[in-house]
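Engineer: Enclosed is the structure file work12.tsv (TSV, C-alpha atoms and all ligand atoms).
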```tsv
chain	number	residue	atom	x	y	z
A	2	MET	CA	2.69	-7.07	21.43
A	3	ALA	CA	1.54	-10.57	20.54
A	4	GLU	CA	3.64	-13.51	21.72
A	5	ASP	CA	3.88	-15.11	18.30
A	6	CYS	CA	5.43	-12.09	16.62
A	7	PRO	CA	9.03	-11.80	15.41
A	8	GLN	CA	11.35	-10.01	17.81
A	9	LYS	CA	11.88	-6.95	15.67
A	10	VAL	CA	9.36	-5.81	13.12
A	11	PRO	CA	9.89	-3.48	10.17
A	12	ALA	CA	8.56	0.05	10.55
A	13	HIS	CA	6.91	0.07	7.13
A	14	VAL	CA	5.49	-2.92	5.29
A	15	ALA	CA	3.91	-2.48	1.85
A	16	ILE	CA	1.83	-5.20	0.22
A	17	ILE	CA	0.85	-5.84	-3.39
A	18	MET	CA	-2.38	-7.72	-2.74
A	19	ASP	CA	-2.54	-9.92	-5.83
A	20	GLY	CA	-4.42	-13.07	-6.82
A	21	ASN	CA	-8.06	-12.42	-5.89
A	22	GLY	CA	-9.23	-13.46	-9.36
A	23	ARG	CA	-7.18	-16.66	-9.42
A	24	TRP	CA	-8.32	-17.52	-5.89
A	25	ALA	CA	-11.91	-17.37	-7.14
A	26	ARG	CA	-11.22	-19.20	-10.39
A	27	ALA	CA	-9.59	-22.07	-8.50
A	28	ARG	CA	-12.92	-22.52	-6.72
A	29	GLY	CA	-15.12	-22.08	-9.75
A	30	LEU	CA	-16.37	-18.75	-8.38
A	31	PRO	CA	-16.73	-15.39	-10.14
A	32	ARG	CA	-13.79	-12.97	-9.71
A	33	THR	CA	-15.94	-10.71	-7.60
A	34	MET	CA	-16.03	-13.35	-4.85
A	35	GLY	CA	-12.24	-13.26	-4.78
A	36	HIS	CA	-12.29	-9.50	-4.26
A	37	LYS	CA	-14.85	-9.91	-1.45
A	38	LYS	CA	-12.63	-12.47	0.29
A	39	GLY	CA	-9.74	-10.11	-0.32
A	40	VAL	CA	-11.41	-7.48	1.85
A	41	GLU	CA	-11.51	-9.97	4.72
A	42	ALA	CA	-7.80	-10.56	4.26
A	43	VAL	CA	-7.29	-6.78	4.41
A	44	ARG	CA	-9.05	-6.67	7.79
A	45	GLU	CA	-6.86	-9.49	9.14
A	46	ALA	CA	-3.66	-7.89	7.81
A	47	VAL	CA	-4.52	-4.53	9.40
A	48	ARG	CA	-5.27	-6.21	12.73
A	49	THR	CA	-2.03	-8.20	12.60
A	50	ALA	CA	0.06	-5.16	11.65
A	51	GLY	CA	-1.43	-3.25	14.60
A	52	ASP	CA	-0.83	-6.13	17.01
A	53	LEU	CA	2.78	-6.51	15.92
A	54	GLY	CA	3.56	-2.82	16.33
A	55	ILE	CA	4.20	-2.08	12.66
A	56	SER	CA	4.05	1.72	12.19
A	57	TYR	CA	3.03	1.89	8.52
A	58	LEU	CA	1.13	-0.65	6.45
A	59	THR	CA	0.66	0.31	2.79
A	60	LEU	CA	-1.82	-1.73	0.76
A	61	PHE	CA	-1.98	-1.58	-3.04
A	62	ALA	CA	-5.74	-1.60	-3.59
A	63	PHE	CA	-6.19	-0.26	-7.13
A	64	SER	CA	-3.54	0.76	-9.62
A	65	SER	CA	-3.60	3.54	-12.18
A	66	GLU	CA	-3.54	0.73	-14.76
A	67	ASN	CA	-6.45	-1.24	-13.26
A	68	TRP	CA	-8.88	1.00	-15.21
A	69	ARG	CA	-8.02	-1.26	-18.16
A	70	ARG	CA	-10.19	-4.01	-16.64
A	71	PRO	CA	-13.77	-4.60	-17.75
A	72	GLU	CA	-16.13	-1.89	-16.51
A	73	ALA	CA	-18.11	-4.33	-14.38
A	74	GLU	CA	-15.00	-5.36	-12.44
A	75	VAL	CA	-13.90	-1.75	-11.96
A	76	THR	CA	-17.37	-0.88	-10.63
A	77	ASP	CA	-17.16	-3.86	-8.34
A	78	LEU	CA	-13.80	-2.83	-6.93
A	79	MET	CA	-14.99	0.75	-6.39
A	80	GLY	CA	-18.07	-0.60	-4.59
A	81	LEU	CA	-15.91	-2.72	-2.29
A	82	LEU	CA	-13.68	0.23	-1.40
A	83	LYS	CA	-16.70	2.38	-0.61
A	84	ALA	CA	-18.26	-0.39	1.48
A	85	PHE	CA	-14.97	-0.96	3.31
A	86	ILE	CA	-14.65	2.69	4.30
A	87	ARG	CA	-18.32	2.98	5.25
A	88	ARG	CA	-18.27	-0.17	7.35
A	89	ASP	CA	-14.79	-0.12	8.82
A	90	LEU	CA	-13.95	3.54	9.34
A	91	ALA	CA	-15.55	3.75	12.79
A	92	ASP	CA	-13.77	0.58	13.97
A	93	LEU	CA	-10.42	1.71	12.59
A	94	HIS	CA	-10.86	5.10	14.24
A	95	ARG	CA	-11.68	3.41	17.55
A	96	GLU	CA	-8.50	1.36	17.19
A	97	ASN	CA	-6.54	4.62	16.81
A	98	VAL	CA	-5.56	3.78	13.19
A	99	ARG	CA	-4.61	6.74	11.01
A	100	ILE	CA	-5.64	6.41	7.36
A	101	ARG	CA	-3.74	7.99	4.50
A	102	ILE	CA	-4.53	7.65	0.84
A	103	ILE	CA	-1.89	7.78	-1.88
A	104	GLY	CA	-2.59	7.99	-5.60
A	105	GLU	CA	-4.11	10.45	-8.04
A	106	ARG	CA	-7.28	11.86	-6.51
A	107	GLU	CA	-8.27	14.86	-8.57
A	108	HIS	CA	-9.99	12.83	-11.25
A	109	LEU	CA	-11.75	10.38	-8.97
A	110	ARG	CA	-15.50	10.02	-9.16
A	111	SER	CA	-17.51	12.26	-6.86
A	112	ASP	CA	-18.86	9.29	-4.92
A	113	ILE	CA	-15.36	8.07	-4.00
A	114	LEU	CA	-13.29	11.17	-3.26
A	115	PRO	CA	-15.40	12.51	-0.34
A	116	LEU	CA	-15.21	9.12	1.37
A	117	LEU	CA	-11.44	9.01	1.06
A	118	LEU	CA	-11.14	12.55	2.40
A	119	GLU	CA	-13.48	11.72	5.26
A	120	ALA	CA	-11.36	8.69	6.19
A	121	GLU	CA	-8.20	10.79	6.27
A	122	GLU	CA	-9.83	13.69	8.09
A	123	THR	CA	-11.55	11.57	10.75
A	124	THR	CA	-8.37	9.68	11.65
A	125	ARG	CA	-5.75	12.38	11.13
A	126	ASN	CA	-4.77	12.69	14.81
A	127	ASN	CA	-4.65	8.95	15.50
A	128	THR	CA	-1.34	7.60	16.70
A	129	ALA	CA	-1.36	3.80	16.33
A	130	LEU	CA	-0.81	2.10	12.96
A	131	THR	CA	-0.87	4.30	9.84
A	132	LEU	CA	-2.82	2.44	7.18
A	133	VAL	CA	-1.85	3.77	3.76
A	134	ILE	CA	-4.27	2.84	0.99
A	135	ALA	CA	-2.76	3.08	-2.49
A	136	PHE	CA	-5.79	3.79	-4.63
A	137	ASN	CA	-5.64	4.90	-8.27
A	138	TYR	CA	-1.93	4.73	-7.55
A	139	GLY	CA	0.96	4.25	-9.97
A	140	SER	CA	4.54	5.28	-9.28
A	141	ARG	CA	5.09	6.81	-12.68
A	142	ASP	CA	1.97	8.92	-12.28
A	143	GLU	CA	3.00	9.93	-8.75
A	144	ILE	CA	6.51	10.93	-9.86
A	145	THR	CA	5.12	12.79	-12.87
A	146	ARG	CA	2.74	14.80	-10.66
A	147	ALA	CA	5.62	15.57	-8.26
A	148	MET	CA	7.80	16.75	-11.18
A	149	ARG	CA	5.03	19.07	-12.36
A	150	LYS	CA	4.72	20.65	-8.90
A	151	ILE	CA	8.48	21.16	-8.70
A	152	ALA	CA	8.63	22.58	-12.26
A	153	ARG	CA	5.92	25.10	-11.36
A	154	GLU	CA	7.95	26.29	-8.38
A	155	VAL	CA	11.03	26.67	-10.57
A	156	GLU	CA	8.98	28.50	-13.20
A	157	ALA	CA	7.64	30.90	-10.55
A	158	GLY	CA	11.20	31.64	-9.44
A	159	ARG	CA	10.67	30.19	-5.95
A	160	LEU	CA	13.08	27.31	-6.45
A	161	GLN	CA	16.54	27.04	-7.96
A	162	PRO	CA	17.21	23.87	-10.00
A	163	GLN	CA	20.23	23.08	-7.80
A	164	ALA	CA	17.89	22.98	-4.80
A	165	ILE	CA	16.22	19.89	-6.28
A	166	THR	CA	17.46	17.05	-4.09
A	167	PRO	CA	16.20	13.54	-3.38
A	168	GLU	CA	14.74	14.91	-0.14
A	169	LEU	CA	12.86	17.63	-2.04
A	170	ILE	CA	11.49	15.07	-4.48
A	171	ASP	CA	10.45	12.88	-1.51
A	172	ALA	CA	8.56	15.82	-0.06
A	173	HIS	CA	6.55	16.24	-3.27
A	174	LEU	CA	5.47	12.60	-3.54
A	175	ASP	CA	2.14	11.33	-2.19
A	176	THR	CA	4.14	9.54	0.52
A	177	ALA	CA	5.68	12.79	1.87
A	178	GLY	CA	6.62	12.37	5.50
A	179	MET	CA	6.45	8.57	5.52
A	180	PRO	CA	9.49	6.33	5.92
A	181	ASP	CA	10.42	4.23	2.88
A	182	PRO	CA	9.04	0.69	2.99
A	183	ASP	CA	11.48	-1.73	4.62
A	184	LEU	CA	9.65	-4.66	3.09
A	185	ILE	CA	7.46	-5.07	0.01
A	186	ILE	CA	5.43	-8.28	-0.08
A	187	ARG	CA	3.63	-9.54	-3.19
A	188	THR	CA	1.20	-12.43	-3.02
A	189	SER	CA	0.10	-14.84	-5.78
A	190	GLY	CA	3.54	-15.84	-7.05
A	191	GLU	CA	3.93	-12.96	-9.50
A	192	GLU	CA	7.39	-11.44	-9.16
A	193	ARG	CA	7.13	-7.83	-10.34
A	194	LEU	CA	6.37	-4.42	-8.86
A	195	SER	CA	3.60	-3.39	-11.29
A	196	ASN	CA	4.38	0.34	-10.88
A	197	PHE	CA	4.27	0.26	-7.04
A	198	LEU	CA	6.52	2.49	-4.90
A	199	LEU	CA	9.35	2.54	-7.46
A	200	TRP	CA	11.10	5.54	-5.88
A	201	GLN	CA	10.39	4.68	-2.25
A	202	GLY	CA	11.28	1.01	-2.71
A	203	ALA	CA	14.86	1.69	-3.86
A	204	TYR	CA	16.24	-0.31	-0.91
A	205	SER	CA	13.20	-2.29	0.16
A	206	GLU	CA	13.52	-6.01	0.72
A	207	LEU	CA	11.17	-7.87	-1.62
A	208	VAL	CA	9.39	-11.04	-0.55
A	209	PHE	CA	7.17	-12.94	-2.98
A	210	VAL	CA	4.78	-15.52	-1.59
A	211	PRO	CA	2.87	-18.06	-3.71
A	212	GLU	CA	-0.43	-17.79	-1.81
A	213	PHE	CA	-3.26	-15.75	-3.30
A	214	TRP	CA	-4.24	-12.60	-1.39
A	215	PRO	CA	-7.47	-14.03	0.14
A	216	ASP	CA	-5.29	-16.70	1.81
A	217	PHE	CA	-2.92	-14.17	3.38
A	218	SER	CA	-3.46	-15.08	7.03
A	219	ARG	CA	-1.93	-13.77	10.23
A	220	GLU	CA	0.40	-16.82	10.28
A	221	LEU	CA	1.54	-16.17	6.73
A	222	PHE	CA	2.13	-12.48	7.51
A	223	ILE	CA	4.26	-13.44	10.51
A	224	SER	CA	6.27	-16.05	8.57
A	225	THR	CA	6.91	-13.45	5.86
A	226	LEU	CA	8.24	-11.05	8.50
A	227	GLU	CA	10.50	-13.83	9.74
A	228	ARG	CA	11.90	-14.25	6.23
A	229	PHE	CA	12.51	-10.50	6.13
A	230	ALA	CA	14.34	-10.64	9.47
A	231	THR	CA	16.99	-12.97	8.00
A	232	ARG	CA	17.88	-10.56	5.18
A	233	GLU	CA	21.07	-8.53	5.22
A	234	ARG	CA	20.54	-4.91	4.25
A	235	ARG	CA	23.63	-3.07	3.07
A	236	PHE	CA	22.27	0.13	1.53
A	237	GLY	CA	25.25	0.21	-0.81
A	238	GLY	CA	27.81	-0.10	1.97
A	239	LEU	CA	29.90	-3.07	3.04
A	240	ALA	CA	28.84	-3.82	6.58
A	241	PRO	CA	25.81	-6.06	6.51
A	242	ILE	CA	22.94	-4.80	8.60
A	243	THR	CA	20.54	-7.59	9.42
A	244	ALA	CA	16.98	-6.58	8.79
A	245	ALA	CA	16.00	-7.78	12.24
A	246	ALA	CA	18.38	-5.31	13.87
A	247	GLY	CA	16.81	-2.37	12.08
A	248	GLN	CA	18.69	0.38	10.27
A	301	LIG	C1	-5.71	-8.26	-6.90
A	301	LIG	O1	-6.22	-9.40	-7.48
A	301	LIG	C2	-6.73	-7.16	-6.75
A	301	LIG	C3	-6.54	-6.01	-7.65
A	301	LIG	C4	-5.61	-5.88	-8.55
A	301	LIG	C5	-7.48	-4.93	-7.52
A	301	LIG	P1	-6.40	-9.55	-9.05
A	301	LIG	O2	-7.77	-9.05	-9.42
A	301	LIG	O3	-5.29	-8.90	-9.78
A	301	LIG	O4	-6.36	-11.12	-9.20
A	301	LIG	P2	-5.61	-11.95	-10.32
A	301	LIG	O5	-4.21	-11.45	-10.40
A	301	LIG	O6	-6.36	-11.72	-11.60
A	301	LIG	O7	-5.69	-13.37	-9.85
A	302	LIG	C1	-1.17	-4.96	-9.03
A	302	LIG	O1	-1.83	-6.11	-9.42
A	302	LIG	C2	-2.16	-3.94	-8.56
A	302	LIG	C3	-2.81	-4.23	-7.29
A	302	LIG	C4	-2.58	-5.24	-6.50
A	302	LIG	C5	-3.81	-3.28	-6.89
A	302	LIG	P1	-2.23	-6.38	-10.94
A	302	LIG	O2	-2.91	-7.69	-10.95
A	302	LIG	O3	-2.99	-5.22	-11.47
A	302	LIG	O4	-0.82	-6.42	-11.65
A	302	LIG	P2	-0.37	-7.05	-13.05
A	302	LIG	O5	-1.27	-6.46	-14.10
A	302	LIG	O6	-0.54	-8.53	-12.94
A	302	LIG	O7	1.07	-6.65	-13.19
A	303	MG	MG	-3.48	-9.54	-10.46
```
Would you put the structure from the file into structure tokens?
Ligand code: IPE
Ligand code: IPE
Ligand code: MG

Structural biologist:
Amino acid sequence: MAEDCPQKVPAHVAIIMDGNGRWARARGLPRTMGHKKGVEAVREAVRTAGDLGISYLTLFAFSSENWRRPEAEVTDLMGLLKAFIRRDLADLHRENVRIRIIGEREHLRSDILPLLLEAEETTRNNTALTLVIAFNYGSRDEITRAMRKIAREVEAGRLQPQAITPELIDAHLDTAGMPDPDLIIRTSGEERLSNFLLWQGAYSELVFVPEFWPDFSRELFISTLERFATRERRFGGLAPITAAAGQ
């Protein structure tokens, strides 16, 4: 573990990587340059998370609502994801990183889906950091798909309605088997969740930082974890549990 890291790190950190466009605009550059720089920040965040011993790092890469952007920008973002997987998969695999993808995948273009499946398949037995990429992801869509699966089981007579519990719903979400995020970070100063991990984030600590995503450095990641460590988590009870002490 690196010397500069906080004493106790959260098991699961999720990040809303926002502000690529504004980072570019502030420099008189096209938005696409912001997204390119954003990929570099992704690499640094993954490296830092691995060094600090974080178990799960979830990155919001493309939302189910991001299709509303101009076609050229969507194409650009798809291209960057493809390039990232093509270029970085071997390195990530070597570093024992396991990749998981969350989000709707059935309707993805045929040039994207096989790459995502390959990334998951290649790294499935890796045991270091789990990198969760939220792609074509929206919580409402995820919960809706989970409800459909559950309804089909009820319809087929395999499941009684009273057997529907929070745990059963958890098991039908894209995040099945993962711990809930302890910390959700959003960059760029926006203070909203934008349809990200609404179910899983019920008791997550939220930290908003003003820096744009391309400026999210190792130092900033660590200082954000230090802010998290000072939080008191109560989970509805009375006894404060400091975030640094874990759950
Ligand atoms: C985040 O940056 C990247 C994605 C949403 C894909 P934005 O593209 O949202 O940048 P801003 O918010 O317009 O600055
Ligand atoms: C959230 O950012 C989605 C991702 C970071 C992928 P947006 O930039 O799309 O969110 P809004 O539209 O400002 O809420
Ligand atoms: Mg944005």

Engineer: Can you write out as JSON lines which residues of chain A fall within 10 Å of ligand LIG 301 (chain A), alongside each residue's closest atom pair and its distance in Å to one decimal, counting all atoms listed in the file and ordering rows by chain and ascending residue number?

Structural biologist:
```
{"residue": "A:Ile17", "atom": "CA", "partner": "A:LIG301", "partner_atom": "C1", "distance": 7.8}
{"residue": "A:Met18", "atom": "CA", "partner": "A:LIG301", "partner_atom": "C1", "distance": 5.4}
{"residue": "A:Asp19", "atom": "CA", "partner": "A:LIG301", "partner_atom": "C1", "distance": 3.7}
{"residue": "A:Gly20", "atom": "CA", "partner": "A:LIG301", "partner_atom": "O7", "distance": 3.3}
{"residue": "A:Asn21", "atom": "CA", "partner": "A:LIG301", "partner_atom": "O1", "distance": 3.9}
{"residue": "A:Gly22", "atom": "CA", "partner": "A:LIG301", "partner_atom": "O7", "distance": 3.6}
{"residue": "A:Arg23", "atom": "CA", "partner": "A:LIG301", "partner_atom": "O7", "distance": 3.6}
{"residue": "A:Trp24", "atom": "CA", "partner": "A:LIG301", "partner_atom": "O7", "distance": 6.3}
{"residue": "A:Ala25", "atom": "CA", "partner": "A:LIG301", "partner_atom": "O7", "distance": 7.9}
{"residue": "A:Arg26", "atom": "CA", "partner": "A:LIG301", "partner_atom": "O7", "distance": 8.1}
{"residue": "A:Ala27", "atom": "CA", "partner": "A:LIG301", "partner_atom": "O7", "distance": 9.6}
{"residue": "A:Arg32", "atom": "CA", "partner": "A:LIG301", "partner_atom": "O2", "distance": 7.2}
{"residue": "A:Thr33", "atom": "CA", "partner": "A:LIG301", "partner_atom": "O2", "distance": 8.5}
{"residue": "A:Gly35", "atom": "CA", "partner": "A:LIG301", "partner_atom": "O1", "distance": 7.6}
{"residue": "A:His36", "atom": "CA", "partner": "A:LIG301", "partner_atom": "C2", "distance": 6.5}
{"residue": "A:Gly39", "atom": "CA", "partner": "A:LIG301", "partner_atom": "C2", "distance": 7.7}
{"residue": "A:Val40", "atom": "CA", "partner": "A:LIG301", "partner_atom": "C2", "distance": 9.8}
{"residue": "A:Phe61", "atom": "CA", "partner": "A:LIG301", "partner_atom": "C5", "distance": 7.8}
{"residue": "A:Ala62", "atom": "CA", "partner": "A:LIG301", "partner_atom": "C5", "distance": 5.4}
{"residue": "A:Phe63", "atom": "CA", "partner": "A:LIG301", "partner_atom": "C5", "distance": 4.9}
{"residue": "A:Ser64", "atom": "CA", "partner": "A:LIG301", "partner_atom": "C4", "distance": 7.0}
{"residue": "A:Glu66", "atom": "CA", "partner": "A:LIG301", "partner_atom": "C4", "distance": 9.3}
{"residue": "A:Asn67", "atom": "CA", "partner": "A:LIG301", "partner_atom": "C4", "distance": 6.7}
{"residue": "A:Trp68", "atom": "CA", "partner": "A:LIG301", "partner_atom": "C5", "distance": 9.8}
{"residue": "A:Arg70", "atom": "CA", "partner": "A:LIG301", "partner_atom": "O2", "distance": 9.1}
{"residue": "A:Glu74", "atom": "CA", "partner": "A:LIG301", "partner_atom": "O2", "distance": 8.7}
{"residue": "A:Val75", "atom": "CA", "partner": "A:LIG301", "partner_atom": "C5", "distance": 8.4}
{"residue": "A:Asp77", "atom": "CA", "partner": "A:LIG301", "partner_atom": "C5", "distance": 9.8}
{"residue": "A:Leu78", "atom": "CA", "partner": "A:LIG301", "partner_atom": "C5", "distance": 6.7}
{"residue": "A:Met79", "atom": "CA", "partner": "A:LIG301", "partner_atom": "C5", "distance": 9.5}
{"residue": "A:Phe136", "atom": "CA", "partner": "A:LIG301", "partner_atom": "C5", "distance": 9.3}
{"residue": "A:Thr188", "atom": "CA", "partner": "A:LIG301", "partner_atom": "C1", "distance": 9.0}
{"residue": "A:Ser189", "atom": "CA", "partner": "A:LIG301", "partner_atom": "O5", "distance": 7.2}
{"residue": "A:Gly190", "atom": "CA", "partner": "A:LIG301", "partner_atom": "O5", "distance": 9.5}
{"residue": "A:Glu191", "atom": "CA", "partner": "A:LIG301", "partner_atom": "O5", "distance": 8.3}
{"residue": "A:Ser195", "atom": "CA", "partner": "A:LIG301", "partner_atom": "C4", "distance": 9.9}
{"residue": "A:Phe213", "atom": "CA", "partner": "A:LIG301", "partner_atom": "O7", "distance": 7.4}
{"residue": "A:Trp214", "atom": "CA", "partner": "A:LIG301", "partner_atom": "O1", "distance": 7.2}
{"residue": "A:Pro215", "atom": "CA", "partner": "A:LIG301", "partner_atom": "O1", "distance": 9.0}
```

Engineer: Would you mind listing what lies within 12 Å of Arg44 of chain A as a list in words, with all atoms listed in the file counted and same-chain residues fewer than 5 positions away left out?

Structural biologist: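 The residues that qualify are Lys37, Lys38, Gly39, Thr49, Ala50, Gly51, Leu58, Leu60, Phe85, Ile86, Arg88, Asp89, Leu90, Asp92, Leu93, Leu132, Trp214, Pro215, Phe217, Ser218 and Arg219 of chain A.
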
Engineer: Given the choices A:His173, A:Arg234, A:Arg48, A:Arg193, which gets closest to ligand MG 303 (chain A) if the distance is worked out from all atoms listed in the file?

Structural biologist: A:Arg193

Engineer: With all atoms listed in the file as the basis for distance, which of A:Glu121, A:Asp181, A:Glu206, A:Glu192 is at the shortest distance from ligand LIG 302 (chain A)?

Structural biologist: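 Smallest distance to ligand LIG 302 (chain A) is found for A:Glu192.
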
Engineer: Would you work out the distance separating atom CA of Thr231 of chain A from atom CA of Pro180 of chain A, expressed in Å to one decimal?

Structural biologist: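 Computed distance, atom CA of Thr231 of chain A to atom CA of Pro180 of chain A, equals 20.8 Å.
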
Engineer: Nearest residue to ligand LIG 302 (chain A) out of A:Ile55, A:Ile144, A:Ala120, A:Leu198, using all atoms listed in the file?

Structural biologist: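 For ligand LIG 302 (chain A), the nearest of the candidates is A:Leu198.
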
Engineer: Would you compute the distance between atom CA of Arg187 of chain A and atom CA of Asp216 of chain A? Give it in Å to one decimal.

Structural biologist: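 Separating atom CA of Arg187 of chain A from atom CA of Asp216 of chain A is a distance of 12.5 Å.
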
Engineer: Using only C-alpha atoms and all ligand atoms, which of A:Val47, A:Ile102, A:Leu160, A:Ile134 sits nearest ligand LIG 302 (chain A)?

Structural biologist: A:Ile134

Engineer: Determine, counting all atoms listed in the file, which protein, DNA and RNA residues have an atom within 9 Å of an atom of Ser140 of chain A; residues of the same chain fewer than 5 positions away are not included. Present the result as JSON, numbers by chain.

Structural biologist: {"A": [65, 104, 145, 195, 196, 197, 198, 199, 200]}

Engineer: One decimal, in Å: what's the spacing between atom CA of Arg87 of chain A and atom CA of Leu118 of chain A?

Structural biologist: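 Distance between the two atoms: 12.3 Å.
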
Engineer: I want to know what sits within 6 Å of Val98 of chain A, based on only C-alpha atoms, with residues of the same chain fewer than 3 positions away left out; could you give that as a count of residues only?

Structural biologist: 6

Engineer: Could you name the residues that touch Ala147 of chain A at 10 Å or less, counting all atoms listed in the file, but leaving out those on the same chain fewer than 5 positions away, as a PyMOL selection string?

Structural biologist: chain A and resi 141-142+152+169-175

Engineer: Looking at all atoms listed in the file, which of A:Ser111, A:Thr225, A:Thr76, A:Ser56 is the one that sits closest to Arg99 of chain A?

Structural biologist: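 Comparing A:Ser111, A:Thr225, A:Thr76, A:Ser56 against Arg99 of chain A, the winner is A:Ser56.
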
Engineer: Which residue out of A:Ala135, A:Ala84, A:Leu194, A:Met34 has the minimum interatomic distance to Arg101 of chain A when only C-alpha atoms are used?

Structural biologist: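 Between A:Ala135, A:Ala84, A:Leu194, A:Met34, the residue approaching Arg101 of chain A most closely is A:Ala135.
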